[in-house]
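S.K.: So that we are looking at the same thing, I have put the structure below in structure tokens.
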Amino acid sequence: MAEPRKCDFLVRVRRRGSPVLELAASTPVQARRVVDRLVRRPEITDVCWMAHPALGAPVRLLGRYLADIPGIGDTRRVTHVFLLVPGEAVRAGDAVTARCGEPIRVDQMDIVGPGTGMPCFRCAARVPDAAERGRP
Ligand SMILES: [Zn+2]
């Protein structure tokens, strides 16, 4: 398992009649913000973000539900651990699954730094598997 580093994220943009454009992003928040902005533009046919495909192991992401999601009370706003597989595309309305099994749509997720909010104990209790330990 690895902590995010500078330019560990990539935004991939397809525009009608143009080659695929790849933009580096240093944080998942920045990558998602670019996707949210581009997805509304009519000339964009596909836009997604991902952990950089060149990374050797999944990147750890911490996230919880945004405060204003209907039906999600404070008790469900724990901070989960997500593992982003390098090169696996995340689009605006996609759900990603936490280590504990809780799926959260990325557009309903507050991506947070370490130590923010109440940690999800089910995520914390999961032992990392071999793929997560591959990167120093
Ligand atoms: Zn969890």
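Starting from 1 in every chain, residues are counted up; chains themselves are A, B, ... following the order of the structure tokens, and ligands are numbered from 1 as listed.
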Per residue of segment 16-52 of chain A within 10 Å of segment 77-84 of chain A, note the shortest atom pair and the distance in Å to one decimal, counting only C-alpha atoms, and order the rows by chain and increasing residue number, as a Markdown table.
M.R.:
```
| residue | atom | partner | partner_atom | distance |
| --- | --- | --- | --- | --- |
| A:Met50 | CA | A:Leu84 | CA | 7.4 |
| A:Ala51 | CA | A:Leu84 | CA | 6.1 |
| A:His52 | CA | A:Leu84 | CA | 9.5 |
```
S.K.: Do you know which residues are at most 9 Å from segment 9-22 of chain A counting only C-alpha atoms, after dropping those on the same chain fewer than 3 positions away, and could you put them as a ChimeraX atom specification?
M.R.: /A:4-6,25-28,30-32,34-35,38,42-53,86-87,89
S.K.: Any chance you can output those residues with C-alpha atoms as a PDB file, in the first residue's frame?
M.R.:
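Below you can see again10.pdb, which holds the result:
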```pdb
ATOM      1  CA  PRO A   4      -0.234   9.345  -2.760  1.00  0.00           C
ATOM      2  CA  ARG A   5       2.785  11.256  -4.118  1.00  0.00           C
ATOM      3  CA  LYS A   6       3.147  14.168  -6.502  1.00  0.00           C
ATOM      4  CA  ALA A  25      -2.692  15.514 -11.092  1.00  0.00           C
ATOM      5  CA  SER A  26      -0.939  15.507  -7.767  1.00  0.00           C
ATOM      6  CA  THR A  27      -3.942  14.593  -5.634  1.00  0.00           C
ATOM      7  CA  PRO A  28      -7.197  12.675  -6.117  1.00  0.00           C
ATOM      8  CA  GLN A  30      -7.451  17.732  -7.971  1.00  0.00           C
ATOM      9  CA  ALA A  31      -8.070  14.894 -10.460  1.00  0.00           C
ATOM     10  CA  ARG A  32     -11.745  14.639  -9.530  1.00  0.00           C
ATOM     11  CA  VAL A  34     -10.809  18.415 -13.328  1.00  0.00           C
ATOM     12  CA  VAL A  35     -13.172  15.561 -14.267  1.00  0.00           C
ATOM     13  CA  LEU A  38     -14.802  18.700 -18.054  1.00  0.00           C
ATOM     14  CA  PRO A  42     -20.277  18.961 -24.976  1.00  0.00           C
ATOM     15  CA  GLU A  43     -17.061  18.317 -26.958  1.00  0.00           C
ATOM     16  CA  ILE A  44     -15.802  15.880 -24.315  1.00  0.00           C
ATOM     17  CA  THR A  45     -16.880  12.315 -25.095  1.00  0.00           C
ATOM     18  CA  ASP A  46     -15.226  10.651 -22.096  1.00  0.00           C
ATOM     19  CA  VAL A  47     -13.276  11.832 -19.085  1.00  0.00           C
ATOM     20  CA  CYS A  48     -11.981   9.792 -16.177  1.00  0.00           C
ATOM     21  CA  TRP A  49      -9.283   9.851 -13.512  1.00  0.00           C
ATOM     22  CA  MET A  50      -7.129   7.126 -12.054  1.00  0.00           C
ATOM     23  CA  ALA A  51      -4.094   6.298 -10.003  1.00  0.00           C
ATOM     24  CA  HIS A  52      -1.181   6.562 -12.436  1.00  0.00           C
ATOM     25  CA  PRO A  53      -0.898   3.336 -14.474  1.00  0.00           C
ATOM     26  CA  PRO A  86      -3.326   1.915 -10.971  1.00  0.00           C
ATOM     27  CA  GLY A  87      -4.871   2.501 -14.390  1.00  0.00           C
ATOM     28  CA  ALA A  89     -10.686   4.481 -14.570  1.00  0.00           C
TER      29      ALA A  89
END
```
S.K.: Got a sec to check which residues lie within 10 Å of ligand 1, using only C-alpha atoms and all ligand atoms, and send them as a JSON list (two decimals) with C-alpha atoms, in the first residue's frame?
M.R.:
```
[["chain", "number", "residue", "atom", "x", "y", "z"],
["A", 62, "LEU", "CA", -9.39, 8.07, 2.43],
["A", 63, "GLY", "CA", -12.96, 9.18, 1.96],
["A", 64, "ARG", "CA", -16.31, 9.58, 3.64],
["A", 76, "ARG", "CA", -22.37, 6.59, 8.51],
["A", 77, "ARG", "CA", -19.89, 9.40, 7.81],
["A", 78, "VAL", "CA", -16.91, 7.39, 8.97],
["A", 79, "THR", "CA", -13.68, 7.68, 7.01],
["A", 80, "HIS", "CA", -13.18, 4.58, 4.87],
["A", 81, "VAL", "CA", -10.04, 3.29, 3.20],
["A", 82, "PHE", "CA", -10.19, 2.79, -0.57],
["A", 97, "THR", "CA", -15.72, 0.13, -2.82],
["A", 98, "ALA", "CA", -13.98, 0.61, 0.49],
["A", 99, "ARG", "CA", -11.89, -2.16, 2.01],
["A", 100, "CYS", "CA", -14.82, -2.94, 4.34],
["A", 101, "GLY", "CA", -17.16, -3.40, 1.36],
["A", 102, "GLU", "CA", -19.04, -0.07, 1.58],
["A", 103, "PRO", "CA", -19.54, 1.41, -1.91],
["A", 119, "PRO", "CA", -12.13, 6.02, 11.09],
["A", 120, "CYS", "CA", -14.10, 3.03, 9.83],
["A", 121, "PHE", "CA", -12.96, 0.24, 12.10],
["A", 122, "ARG", "CA", -13.95, -2.45, 9.60],
["A", 123, "CYS", "CA", -11.61, -0.87, 7.02],
["A", 124, "ALA", "CA", -8.83, -0.51, 9.58],
["A", 125, "ALA", "CA", -9.16, -4.12, 10.71],
["A", 126, "ARG", "CA", -8.60, -5.59, 7.25]]
```
S.K.: Expressed in Å to a single decimal, how great is the separation between atom CA of Met109 of chain A and atom CA of Glu88 of chain A?
M.R.: 17.8 Å
S.K.: If you run DSSP on this backbone, which residues of chain A come out as alpha helix (DSSP H), and could you give them as a PyMOL selection string?
M.R.: chain A and resi 28-38+121-125
S.K.: Now that the selection is made, can you save its residues with C-alpha atoms as a compact mmCIF listing (two decimals), in the first residue's frame?
M.R.:
```txt
# COMPACT_ATOMS: atom_id res chain seq x y z
CA PRO A 28 -7.20 12.68 -6.12
CA VAL A 29 -9.11 15.83 -5.15
CA GLN A 30 -7.45 17.73 -7.97
CA ALA A 31 -8.07 14.89 -10.46
CA ARG A 32 -11.74 14.64 -9.53
CA ARG A 33 -12.16 18.42 -9.75
CA VAL A 34 -10.81 18.42 -13.33
CA VAL A 35 -13.17 15.56 -14.27
CA ASP A 36 -16.17 17.34 -12.70
CA ARG A 37 -15.39 20.45 -14.72
CA LEU A 38 -14.80 18.70 -18.05
CA PHE A 121 -12.96 0.24 12.10
CA ARG A 122 -13.95 -2.45 9.60
CA CYS A 123 -11.61 -0.87 7.02
CA ALA A 124 -8.83 -0.51 9.58
CA ALA A 125 -9.16 -4.12 10.71
```
S.K.: Could you work out how far atom CA of Val112 of chain A lies from atom CA of Asp68 of chain A, giving the answer in Å with one decimal?
M.R.: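 Separation of atom CA of Asp68 of chain A and atom CA of Val112 of chain A: 15.8 Å.
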S.K.: Go ahead and compute the interatomic distance for atom CA of Val39 of chain A and atom CA of Asp107 of chain A, in Å to one decimal.
M.R.: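 We find that atom CA of Val39 of chain A and atom CA of Asp107 of chain A lie 12.1 Å from each other.
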S.K.: Considering only C-alpha atoms, state which residue in the set A:Ala24, A:Val90, A:Ile111, A:Ile104 is at the smallest distance from Arg60 of chain A.
M.R.: A:Ile111
